[in-house]
>>> print(open('upload_24.txt').read())   # compact mmCIF, C-alpha atoms
# COMPACT_ATOMS: atom_id res chain seq x y z
CA MET A 1 113.13 98.46 108.76
CA LEU A 2 111.23 96.30 111.21
CA GLU A 3 112.38 96.26 114.81
CA ASN A 4 113.60 92.97 116.19
CA LYS A 5 111.43 93.17 119.28
CA LEU A 6 108.40 90.94 118.91
CA ASN A 7 105.36 92.18 120.83
CA HIS A 8 103.54 89.18 122.36
CA ASP A 9 100.71 91.28 123.79
CA ALA A 10 98.26 90.60 120.97
CA GLY A 11 95.82 93.41 121.81
CA ASP A 12 98.60 95.96 122.10
CA ALA A 13 100.25 94.74 118.88
CA LEU A 14 96.93 95.04 117.04
CA LYS A 15 96.29 98.58 118.29
CA ALA A 16 99.83 99.74 117.47
CA ALA A 17 99.71 98.24 113.96
CA PHE A 18 96.22 99.56 113.12
CA ARG A 19 97.19 103.09 114.12
CA ARG A 20 99.38 102.89 111.00
CA HIS A 21 96.51 101.65 108.83
CA ALA A 22 94.04 104.06 107.21
CA SER A 23 90.33 103.26 106.93
CA GLY A 24 87.53 104.68 104.84
CA VAL A 25 84.64 106.06 106.88
CA ALA A 26 81.00 105.10 106.36
CA VAL A 27 77.70 105.56 108.17
CA ILE A 28 75.35 102.58 108.30
CA THR A 29 71.66 103.07 109.10
CA THR A 30 68.55 100.95 109.53
CA ARG A 31 65.21 100.94 111.37
CA SER A 32 64.54 99.17 114.64
CA PRO A 33 61.62 96.70 114.66
CA GLU A 34 59.66 99.55 116.36
CA GLY A 35 60.50 101.90 113.48
CA ALA A 36 63.09 104.12 115.14
CA PRO A 37 66.04 105.26 113.00
CA VAL A 38 69.30 103.62 114.09
CA GLY A 39 72.81 104.13 112.77
CA PHE A 40 76.52 104.34 113.48
CA THR A 41 79.90 105.29 112.03
CA ALA A 42 81.83 102.31 110.62
CA THR A 43 85.46 102.13 109.55
CA SER A 44 85.32 98.47 108.51
CA MET A 45 83.15 98.60 105.40
CA THR A 46 84.66 96.88 102.36
CA SER A 47 83.47 95.30 99.13
CA LEU A 48 83.41 91.55 98.52
CA GLY A 49 83.12 91.28 94.77
CA SER A 50 80.80 93.07 92.37
CA ASN A 51 78.95 90.11 90.80
CA PRO A 52 76.97 89.64 92.92
CA ALA A 53 77.64 93.02 94.55
CA LEU A 54 78.50 92.23 98.17
CA VAL A 55 79.64 94.48 101.01
CA THR A 56 80.95 93.41 104.42
CA PHE A 57 81.42 95.28 107.67
CA ASN A 58 82.17 94.47 111.30
CA VAL A 59 80.26 95.58 114.37
CA ALA A 60 80.46 95.10 118.13
CA ARG A 61 77.54 93.06 119.47
CA GLY A 62 77.50 95.27 122.55
CA SER A 63 76.86 98.45 120.57
CA SER A 64 73.66 100.50 120.88
CA SER A 65 72.81 99.65 117.26
CA TRP A 66 73.09 95.89 117.74
CA PRO A 67 69.47 95.02 118.64
CA ALA A 68 68.17 96.79 115.51
CA LEU A 69 71.01 95.65 113.30
CA SER A 70 70.70 91.99 114.23
CA ALA A 71 67.00 92.08 113.29
CA ALA A 72 67.36 94.18 110.14
CA THR A 73 66.57 92.96 106.64
CA HIS A 74 67.80 96.09 104.82
CA LEU A 75 70.46 98.75 105.51
CA ALA A 76 71.64 102.01 103.97
CA LEU A 77 75.44 102.26 103.60
CA HIS A 78 76.63 105.87 103.29
CA MET A 79 80.00 106.78 101.78
CA LEU A 80 81.39 109.87 103.54
CA GLY A 81 83.45 112.71 102.06
CA GLY A 82 85.64 115.31 103.71
CA GLY A 83 82.62 117.57 104.22
CA ASN A 84 80.96 114.88 106.34
CA VAL A 85 83.39 114.86 109.25
CA GLU A 86 80.79 116.24 111.67
CA LEU A 87 78.34 113.53 110.58
CA ALA A 88 81.04 110.93 111.23
CA ARG A 89 81.61 112.36 114.71
CA LYS A 90 77.90 112.61 115.50
CA MET A 91 77.21 109.02 114.47
CA ALA A 92 80.04 107.79 116.71
CA ALA A 93 78.88 109.82 119.76
CA ASP A 94 75.74 109.74 121.97
CA HIS A 95 73.31 107.42 120.18
CA THR A 96 70.26 109.33 121.43
CA LYS A 97 71.31 112.42 119.44
CA ARG A 98 72.10 110.89 116.06
CA PHE A 99 68.81 111.63 114.29
CA LEU A 100 67.79 114.94 115.90
CA ASP A 101 68.97 117.16 113.03
CA ASN A 102 67.24 117.87 109.75
CA ASP A 103 69.97 116.17 107.68
CA TRP A 104 68.22 112.88 106.80
CA LYS A 105 65.07 111.65 105.04
CA GLU A 106 63.17 108.42 104.78
CA SER A 107 64.18 106.63 101.57
CA GLU A 108 64.14 103.16 99.98
CA PHE A 109 62.78 100.40 102.25
CA GLY A 110 61.86 103.14 104.74
CA LEU A 111 65.55 103.55 105.62
CA PRO A 112 66.84 106.80 107.13
CA VAL A 113 69.27 108.36 104.63
CA PHE A 114 71.63 111.27 105.29
CA GLN A 115 71.37 113.53 102.27
CA ASP A 116 74.72 115.28 102.07
CA VAL A 117 76.97 112.25 101.55
CA THR A 118 78.94 111.19 98.49
CA ALA A 119 77.07 107.93 97.79
CA VAL A 120 74.53 105.55 99.33
CA LEU A 121 74.08 101.82 98.76
CA PHE A 122 70.84 100.11 99.72
CA VAL A 123 71.60 96.54 100.75
CA LYS A 124 69.83 93.48 102.06
CA VAL A 125 71.42 91.46 104.84
CA ARG A 126 72.49 88.01 103.60
CA GLU A 127 74.09 86.66 106.76
CA PHE A 128 76.16 87.60 109.75
CA HIS A 129 78.71 85.60 111.69
CA ALA A 130 79.11 86.16 115.42
CA ILE A 131 82.74 85.96 116.58
CA GLU A 132 83.51 86.62 120.23
CA GLN A 133 81.83 89.95 121.11
CA ASN A 134 81.61 91.05 117.47
CA ALA A 135 79.94 90.14 114.22
CA VAL A 136 80.84 90.20 110.53
CA PHE A 137 77.92 91.25 108.30
CA ILE A 138 77.62 90.18 104.67
CA THR A 139 75.17 92.24 102.65
CA GLU A 140 74.08 92.37 99.01
CA VAL A 141 73.58 95.61 97.10
CA VAL A 142 70.08 96.24 95.77
CA SER A 143 70.49 99.78 94.42
CA GLY A 144 72.47 102.97 94.90
CA LEU A 145 72.36 106.76 94.83
CA MET A 146 75.25 109.10 94.03
CA GLY A 147 75.86 112.44 95.78
CA SER A 148 78.31 115.21 95.06
CA ASP A 149 81.96 114.22 94.68
CA ASP A 150 84.15 115.20 97.62
CA GLY A 151 87.50 113.77 98.71
CA ALA A 152 86.91 110.50 100.59
CA LEU A 153 86.85 110.71 104.38
CA LEU A 154 89.35 108.47 106.12
CA TYR A 155 90.31 107.63 109.68
CA ASN A 156 93.97 107.28 110.64
CA GLN A 157 96.05 107.86 113.79
CA ARG A 158 92.79 108.54 115.69
CA GLY A 159 91.90 111.50 113.44
CA TYR A 160 89.88 112.23 110.30
CA PHE A 161 91.61 113.10 107.02
CA THR A 162 91.07 113.27 103.28
CA PRO A 163 93.64 111.83 100.84
CA ALA A 164 96.55 114.09 99.86
CA ASP A 165 95.99 116.00 96.60
CA THR A 166 98.61 114.10 94.63
CA ALA A 167 98.60 110.38 93.91
CA LEU A 168 101.79 108.39 94.53
CA MET B 1 72.96 116.40 97.91
CA LEU B 2 72.02 112.96 96.67
CA GLU B 3 70.70 112.64 93.14
CA ASN B 4 67.16 111.37 92.75
CA LYS B 5 68.11 108.74 90.19
CA LEU B 6 68.27 105.32 91.80
CA ASN B 7 70.75 102.98 90.11
CA HIS B 8 69.27 99.48 90.03
CA ASP B 9 72.38 97.91 88.47
CA ALA B 10 73.83 96.59 91.72
CA GLY B 11 77.35 95.92 90.42
CA ASP B 12 77.58 99.34 88.82
CA ALA B 13 76.18 101.05 91.93
CA LEU B 14 78.74 99.24 94.11
CA LYS B 15 81.66 100.22 91.88
CA ALA B 16 80.55 103.87 91.65
CA ALA B 17 80.06 104.15 95.42
CA PHE B 18 83.34 102.42 96.34
CA ARG B 19 85.33 104.73 94.07
CA ARG B 20 84.37 107.36 96.67
CA HIS B 21 85.52 105.20 99.58
CA ALA B 22 89.16 105.12 100.68
CA SER B 23 90.84 101.89 101.85
CA GLY B 24 93.99 101.18 103.78
CA VAL B 25 96.48 99.00 101.92
CA ALA B 26 98.04 95.82 103.34
CA VAL B 27 100.09 92.91 102.07
CA ILE B 28 99.18 89.45 103.34
CA THR B 29 101.67 86.58 103.06
CA THR B 30 101.84 82.90 103.89
CA ARG B 31 103.56 79.68 102.76
CA SER B 32 102.05 77.11 100.43
CA PRO B 33 101.90 73.52 101.73
CA GLU B 34 105.02 72.96 99.54
CA GLY B 35 106.81 75.84 101.27
CA ALA B 36 106.67 78.47 98.55
CA PRO B 37 106.13 82.09 99.67
CA VAL B 38 102.69 83.37 98.65
CA GLY B 39 101.16 86.81 99.12
CA PHE B 40 98.96 89.57 97.75
CA THR B 41 97.88 93.17 98.21
CA ALA B 42 94.65 93.55 100.19
CA THR B 43 92.47 96.64 100.63
CA SER B 44 89.91 94.93 102.84
CA MET B 45 91.85 94.34 106.06
CA THR B 46 90.12 95.60 109.18
CA SER B 47 90.16 94.91 112.91
CA LEU B 48 87.38 93.06 114.73
CA GLY B 49 87.99 93.97 118.35
CA SER B 50 91.20 93.92 120.36
CA ASN B 51 90.27 91.43 123.11
CA PRO B 52 90.76 88.93 121.65
CA ALA B 53 92.70 90.71 118.91
CA LEU B 54 90.97 89.74 115.67
CA VAL B 55 91.53 90.89 112.09
CA THR B 56 89.31 90.18 109.06
CA PHE B 57 89.93 90.47 105.34
CA ASN B 58 88.24 89.40 102.12
CA VAL B 59 89.75 87.49 99.22
CA ALA B 60 88.60 86.14 95.86
CA ARG B 61 88.60 82.34 95.79
CA GLY B 62 89.81 82.45 92.20
CA SER B 63 93.00 84.32 93.09
CA SER B 64 96.48 82.83 92.67
CA SER B 65 96.94 82.92 96.45
CA TRP B 66 93.78 80.97 97.22
CA PRO B 67 95.16 77.39 97.27
CA ALA B 68 97.84 78.36 99.80
CA LEU B 69 95.61 80.71 101.76
CA SER B 70 92.79 78.20 102.17
CA ALA B 71 95.27 75.68 103.63
CA ALA B 72 97.22 78.13 105.81
CA THR B 73 97.34 78.05 109.59
CA HIS B 74 99.33 81.29 110.02
CA LEU B 75 99.66 84.53 108.05
CA ALA B 76 101.73 87.71 108.17
CA LEU B 77 99.68 90.91 107.79
CA HIS B 78 101.80 93.87 106.66
CA MET B 79 100.71 97.49 107.18
CA LEU B 80 101.98 99.63 104.28
CA GLY B 81 103.18 103.23 104.36
CA GLY B 82 103.57 105.78 101.59
CA GLY B 83 107.07 104.46 100.88
CA ASN B 84 105.66 101.02 100.10
CA VAL B 85 103.67 101.93 97.00
CA GLU B 86 105.92 99.85 94.73
CA LEU B 87 105.49 96.87 97.06
CA ALA B 88 101.70 97.35 96.87
CA ARG B 89 101.88 97.39 93.07
CA LYS B 90 104.21 94.39 92.89
CA MET B 91 102.01 92.27 95.16
CA ALA B 92 98.96 93.06 93.01
CA ALA B 93 100.73 92.23 89.70
CA ASP B 94 102.19 89.00 88.20
CA HIS B 95 102.18 86.48 91.05
CA THR B 96 105.29 84.72 89.77
CA LYS B 97 107.38 87.85 90.39
CA ARG B 98 106.29 88.77 93.92
CA PHE B 99 109.18 87.20 95.86
CA LEU B 100 112.08 87.63 93.43
CA ASP B 101 113.58 90.70 95.16
CA ASN B 102 115.73 90.85 98.26
CA ASP B 103 113.11 92.74 100.28
CA TRP B 104 111.77 89.91 102.49
CA LYS B 105 113.02 87.41 105.07
CA GLU B 106 111.71 84.29 106.71
CA SER B 107 110.26 85.19 110.11
CA GLU B 108 107.86 83.83 112.76
CA PHE B 109 106.16 80.54 111.80
CA GLY B 110 108.41 80.45 108.73
CA LEU B 111 106.35 83.24 107.16
CA PRO B 112 107.84 85.49 104.45
CA VAL B 113 107.97 89.05 105.84
CA PHE B 114 108.70 92.21 103.86
CA GLN B 115 111.12 94.22 105.94
CA ASP B 116 110.48 97.83 104.97
CA VAL B 117 106.84 98.13 106.09
CA THR B 118 105.34 100.13 108.96
CA ALA B 119 104.07 97.15 111.01
CA VAL B 120 103.50 93.39 110.80
CA LEU B 121 100.98 91.24 112.65
CA PHE B 122 101.46 87.48 112.88
CA VAL B 123 98.06 85.82 113.00
CA LYS B 124 96.53 82.37 113.11
CA VAL B 125 93.53 81.60 110.94
CA ARG B 126 90.41 81.00 113.04
CA GLU B 127 87.86 80.47 110.31
CA PHE B 128 86.83 81.58 106.88
CA HIS B 129 83.41 81.85 105.30
CA ALA B 130 82.96 81.21 101.60
CA ILE B 131 80.41 83.54 99.98
CA GLU B 132 79.84 83.25 96.24
CA GLN B 133 83.29 83.44 94.60
CA ASN B 134 84.90 85.08 97.64
CA ALA B 135 85.75 84.38 101.24
CA VAL B 136 85.87 86.34 104.49
CA PHE B 137 88.83 85.38 106.70
CA ILE B 138 88.80 85.79 110.47
CA THR B 139 92.23 85.66 112.07
CA GLU B 140 93.61 86.10 115.59
CA VAL B 141 96.75 88.09 116.36
CA VAL B 142 99.60 86.14 117.98
CA SER B 143 102.31 88.82 117.98
CA GLY B 144 103.50 91.90 116.12
CA LEU B 145 106.51 93.87 114.94
CA MET B 146 106.71 97.63 114.40
CA GLY B 147 108.63 99.29 111.57
CA SER B 148 109.41 102.92 110.87
CA ASP B 149 106.50 105.35 110.94
CA ASP B 150 105.43 106.60 107.52
CA GLY B 151 102.08 108.07 106.42
CA ALA B 152 99.59 105.23 105.88
CA LEU B 153 99.16 104.03 102.30
CA LEU B 154 95.61 104.20 101.02
CA TYR B 155 93.78 103.30 97.85
CA ASN B 156 91.13 105.63 96.45
CA GLN B 157 89.77 106.50 92.99
CA ARG B 158 91.96 103.70 91.53
CA GLY B 159 95.17 105.33 92.79
CA TYR B 160 97.49 105.21 95.80
CA PHE B 161 97.68 108.12 98.25
CA THR B 162 98.77 109.04 101.75
CA PRO B 163 96.50 111.08 104.06
CA ALA B 164 96.66 114.89 103.73
CA ASP B 165 99.03 116.54 106.19
CA THR B 166 96.30 118.22 108.21
CA ALA B 167 93.53 116.46 110.14
CA LEU B 168 89.95 117.69 109.67
>>> encode(input="upload_24.txt", output="structure tokens")
Amino acid sequence: MLENKLNHDAGDALKAAFRRHASGVAVITTRSPEGAPVGFTATSMTSLGSNPALVTFNVARGSSSWPALSAATHLALHMLGGGNVELARKMAADHTKRFLDNDWKESEFGLPVFQDVTAVLFVKVREFHAIEQNAVFITEVVSGLMGSDDGALLYNQRGYFTPADTAL
Amino acid sequence: MLENKLNHDAGDALKAAFRRHASGVAVITTRSPEGAPVGFTATSMTSLGSNPALVTFNVARGSSSWPALSAATHLALHMLGGGNVELARKMAADHTKRFLDNDWKESEFGLPVFQDVTAVLFVKVREFHAIEQNAVFITEVVSGLMGSDDGALLYNQRGYFTPADTAL
């Protein structure tokens, strides 16, 4: 049952509540205007209807990817499986080391695409809305590639998991 | 590894890719202008920074909750645990039967709040953006309540799960 004690510290209440919420894990990549590969781990990616096929995600406008992302016309959205936990960690760590390994190739629209993921969607940016220090991106799917099936990667309680074997 | 076969059917590519993506499960409630409790299961809820504490979610504008939601000033966002799978199913089924049980109470801002969830955030609506037949809501946390801890409920491969016991 819910406690009676209302937490009026909004930031603390949000953090405490979202530690109890699981998120799917994705990697989003693009090219900078100068052509450099840019990307990051995102736990906010979600669909917004399939006709037209729209996908949204949130990003901090102070992030290292922001200059490239805010200028991008196309993105590659990577679905991650349990075998991709190191990719998820790498793409959330030092941004200068994210494309040093031989685990990605240039693909549609010249986008850098990690090869060992469970699915990729190529999208065009429709719009983004700046809100405080963040932005909500709205993108439209152009095409997709499937990889090998592997239990979905999720983030919960500050750790990475796959779903339990048995459905509820 | 990724297949070479690009799927140019955008809706089909989106559905196939998102079956490999896990989502946290939430229930969002409000009151209609006439005072009736209204709510639905959402798999798109995500945070947008903690200072200020913002939460976004997506909703179909054709849904039964839309008339109340589009007029609402405040909402209750419920985090669901593994023990709430029947609540998740109920709030995604026949909308006339969602508030017939004795599992909710009136709470802050007069909002209907399900009592046996893992956390609740009370939010005010800041803005929403209509996109095609859907909308992206941006809300700001006012306060929160914690419930009992219980493995997060997630939706994946068209079923409900909790995270596996062991982190990766």
>>> atom_distance(input="upload_24.txt", atom1="CA of Asn7 (chain B)", atom2="CA of Ile138 (chain A)")
20.6 Å
>>> residues_around(input="upload_24.txt", residues="Gln115 (chain A)", least_positions_apart="3", cutoff="9 Å", atoms="all atoms listed in the file", output="list in words")
Asp103, Trp104, Lys105, Thr118 and Gly147 of chain A; Met1 and Leu2 of chain B
>>> interface_residues(input="upload_24.txt", of="chain B", to="chain A", cutoff="7 Å", atoms="all atoms listed in the file", output="JSON list (two decimals) with C-alpha atoms, in the coordinates of the input")
[["chain", "number", "residue", "atom", "x", "y", "z"],
["B", 1, "MET", "CA", 72.96, 116.40, 97.91],
["B", 2, "LEU", "CA", 72.02, 112.96, 96.67],
["B", 3, "GLU", "CA", 70.70, 112.64, 93.14],
["B", 5, "LYS", "CA", 68.11, 108.74, 90.19],
["B", 6, "LEU", "CA", 68.27, 105.32, 91.80],
["B", 7, "ASN", "CA", 70.75, 102.98, 90.11],
["B", 8, "HIS", "CA", 69.27, 99.48, 90.03],
["B", 9, "ASP", "CA", 72.38, 97.91, 88.47],
["B", 10, "ALA", "CA", 73.83, 96.59, 91.72],
["B", 11, "GLY", "CA", 77.35, 95.92, 90.42],
["B", 13, "ALA", "CA", 76.18, 101.05, 91.93],
["B", 14, "LEU", "CA", 78.74, 99.24, 94.11],
["B", 17, "ALA", "CA", 80.06, 104.15, 95.42],
["B", 20, "ARG", "CA", 84.37, 107.36, 96.67],
["B", 21, "HIS", "CA", 85.52, 105.20, 99.58],
["B", 22, "ALA", "CA", 89.16, 105.12, 100.68],
["B", 23, "SER", "CA", 90.84, 101.89, 101.85],
["B", 24, "GLY", "CA", 93.99, 101.18, 103.78],
["B", 44, "SER", "CA", 89.91, 94.93, 102.84],
["B", 46, "THR", "CA", 90.12, 95.60, 109.18],
["B", 48, "LEU", "CA", 87.38, 93.06, 114.73],
["B", 50, "SER", "CA", 91.20, 93.92, 120.36],
["B", 51, "ASN", "CA", 90.27, 91.43, 123.11],
["B", 52, "PRO", "CA", 90.76, 88.93, 121.65],
["B", 53, "ALA", "CA", 92.70, 90.71, 118.91],
["B", 58, "ASN", "CA", 88.24, 89.40, 102.12],
["B", 79, "MET", "CA", 100.71, 97.49, 107.18],
["B", 115, "GLN", "CA", 111.12, 94.22, 105.94],
["B", 116, "ASP", "CA", 110.48, 97.83, 104.97],
["B", 117, "VAL", "CA", 106.84, 98.13, 106.09],
["B", 118, "THR", "CA", 105.34, 100.13, 108.96],
["B", 119, "ALA", "CA", 104.07, 97.15, 111.01],
["B", 120, "VAL", "CA", 103.50, 93.39, 110.80],
["B", 134, "ASN", "CA", 84.90, 85.08, 97.64],
["B", 141, "VAL", "CA", 96.75, 88.09, 116.36],
["B", 142, "VAL", "CA", 99.60, 86.14, 117.98],
["B", 143, "SER", "CA", 102.31, 88.82, 117.98],
["B", 144, "GLY", "CA", 103.50, 91.90, 116.12],
["B", 145, "LEU", "CA", 106.51, 93.87, 114.94],
["B", 146, "MET", "CA", 106.71, 97.63, 114.40],
["B", 147, "GLY", "CA", 108.63, 99.29, 111.57],
["B", 148, "SER", "CA", 109.41, 102.92, 110.87],
["B", 152, "ALA", "CA", 99.59, 105.23, 105.88],
["B", 154, "LEU", "CA", 95.61, 104.20, 101.02],
["B", 159, "GLY", "CA", 95.17, 105.33, 92.79],
["B", 160, "TYR", "CA", 97.49, 105.21, 95.80],
["B", 161, "PHE", "CA", 97.68, 108.12, 98.25],
["B", 162, "THR", "CA", 98.77, 109.04, 101.75],
["B", 163, "PRO", "CA", 96.50, 111.08, 104.06],
["B", 164, "ALA", "CA", 96.66, 114.89, 103.73],
["B", 167, "ALA", "CA", 93.53, 116.46, 110.14],
["B", 168, "LEU", "CA", 89.95, 117.69, 109.67]]
>>> atom_distance(input="upload_24.txt", atom1="CA of His74 (chain B)", atom2="CA of Gly62 (chain B)")
20.2 Å
>>> atom_distance(input="upload_24.txt", atom1="CA of Ile28 (chain B)", atom2="CA of Thr41 (chain A)")
26.4 Å
>>> residues_around(input="upload_24.txt", residues="Leu111 (chain B)", least_positions_apart="3", cutoff="7 Å", atoms="all atoms listed in the file", output="list in words")
Thr30, Arg31, Leu75, Ala76, Glu106, Ser107 and Glu108 of chain B
>>> decode(input="upload_24.txt", residues="region 152-166 of chain B", atoms="N, CA, C and O atoms", output="PDB file, in the first residue's frame")
ATOM      1  N   ALA B 152       9.826  -4.217 -10.969  1.00  0.00           N
ATOM      2  CA  ALA B 152       9.129  -3.373 -11.940  1.00  0.00           C
ATOM      3  C   ALA B 152       8.374  -4.219 -12.956  1.00  0.00           C
ATOM      4  O   ALA B 152       8.870  -5.247 -13.412  1.00  0.00           O
ATOM      5  N   LEU B 153       7.189  -3.762 -13.332  1.00  0.00           N
ATOM      6  CA  LEU B 153       6.425  -4.440 -14.383  1.00  0.00           C
ATOM      7  C   LEU B 153       6.889  -3.918 -15.732  1.00  0.00           C
ATOM      8  O   LEU B 153       7.047  -2.710 -15.922  1.00  0.00           O
ATOM      9  N   LEU B 154       7.107  -4.832 -16.668  1.00  0.00           N
ATOM     10  CA  LEU B 154       7.494  -4.407 -18.006  1.00  0.00           C
ATOM     11  C   LEU B 154       6.716  -5.177 -19.055  1.00  0.00           C
ATOM     12  O   LEU B 154       6.176  -6.258 -18.794  1.00  0.00           O
ATOM     13  N   TYR B 155       6.644  -4.559 -20.228  1.00  0.00           N
ATOM     14  CA  TYR B 155       5.904  -5.107 -21.354  1.00  0.00           C
ATOM     15  C   TYR B 155       6.904  -5.403 -22.459  1.00  0.00           C
ATOM     16  O   TYR B 155       7.737  -4.560 -22.794  1.00  0.00           O
ATOM     17  N   ASN B 156       6.861  -6.616 -22.988  1.00  0.00           N
ATOM     18  CA  ASN B 156       7.823  -7.031 -24.009  1.00  0.00           C
ATOM     19  C   ASN B 156       7.222  -8.211 -24.768  1.00  0.00           C
ATOM     20  O   ASN B 156       6.617  -9.092 -24.160  1.00  0.00           O
ATOM     21  N   GLN B 157       7.426  -8.244 -26.085  1.00  0.00           N
ATOM     22  CA  GLN B 157       6.944  -9.377 -26.890  1.00  0.00           C
ATOM     23  C   GLN B 157       5.455  -9.640 -26.633  1.00  0.00           C
ATOM     24  O   GLN B 157       5.017 -10.787 -26.579  1.00  0.00           O
ATOM     25  N   ARG B 158       4.682  -8.566 -26.436  1.00  0.00           N
ATOM     26  CA  ARG B 158       3.229  -8.646 -26.217  1.00  0.00           C
ATOM     27  C   ARG B 158       2.840  -9.349 -24.916  1.00  0.00           C
ATOM     28  O   ARG B 158       1.726  -9.863 -24.788  1.00  0.00           O
ATOM     29  N   GLY B 159       3.762  -9.406 -23.953  1.00  0.00           N
ATOM     30  CA  GLY B 159       3.439  -9.994 -22.653  1.00  0.00           C
ATOM     31  C   GLY B 159       3.995  -9.145 -21.527  1.00  0.00           C
ATOM     32  O   GLY B 159       4.784  -8.218 -21.750  1.00  0.00           O
ATOM     33  N   TYR B 160       3.560  -9.454 -20.297  1.00  0.00           N
ATOM     34  CA  TYR B 160       4.050  -8.733 -19.111  1.00  0.00           C
ATOM     35  C   TYR B 160       5.096  -9.577 -18.398  1.00  0.00           C
ATOM     36  O   TYR B 160       4.937 -10.795 -18.236  1.00  0.00           O
ATOM     37  N   PHE B 161       6.151  -8.919 -17.934  1.00  0.00           N
ATOM     38  CA  PHE B 161       7.270  -9.574 -17.262  1.00  0.00           C
ATOM     39  C   PHE B 161       7.746  -8.709 -16.095  1.00  0.00           C
ATOM     40  O   PHE B 161       7.377  -7.539 -15.990  1.00  0.00           O
ATOM     41  N   THR B 162       8.582  -9.297 -15.254  1.00  0.00           N
ATOM     42  CA  THR B 162       9.434  -8.510 -14.353  1.00  0.00           C
ATOM     43  C   THR B 162      10.875  -8.717 -14.814  1.00  0.00           C
ATOM     44  O   THR B 162      11.153  -9.633 -15.590  1.00  0.00           O
ATOM     45  N   PRO B 163      11.821  -7.901 -14.353  1.00  0.00           N
ATOM     46  CA  PRO B 163      13.216  -8.129 -14.727  1.00  0.00           C
ATOM     47  C   PRO B 163      13.719  -9.450 -14.135  1.00  0.00           C
ATOM     48  O   PRO B 163      13.252  -9.891 -13.080  1.00  0.00           O
ATOM     49  N   ALA B 164      14.678 -10.094 -14.822  1.00  0.00           N
ATOM     50  CA  ALA B 164      15.333 -11.285 -14.280  1.00  0.00           C
ATOM     51  C   ALA B 164      15.973 -10.944 -12.935  1.00  0.00           C
ATOM     52  O   ALA B 164      16.268  -9.778 -12.643  1.00  0.00           O
ATOM     53  N   ASP B 165      16.193 -11.963 -12.115  1.00  0.00           N
ATOM     54  CA  ASP B 165      16.704 -11.721 -10.766  1.00  0.00           C
ATOM     55  C   ASP B 165      18.116 -11.133 -10.755  1.00  0.00           C
ATOM     56  O   ASP B 165      18.482 -10.396  -9.838  1.00  0.00           O
ATOM     57  N   THR B 166      18.898 -11.479 -11.765  1.00  0.00           N
ATOM     58  CA  THR B 166      20.318 -11.115 -11.731  1.00  0.00           C
ATOM     59  C   THR B 166      20.632 -10.033 -12.756  1.00  0.00           C
ATOM     60  O   THR B 166      20.262 -10.148 -13.927  1.00  0.00           O
TER      61      THR B 166
END
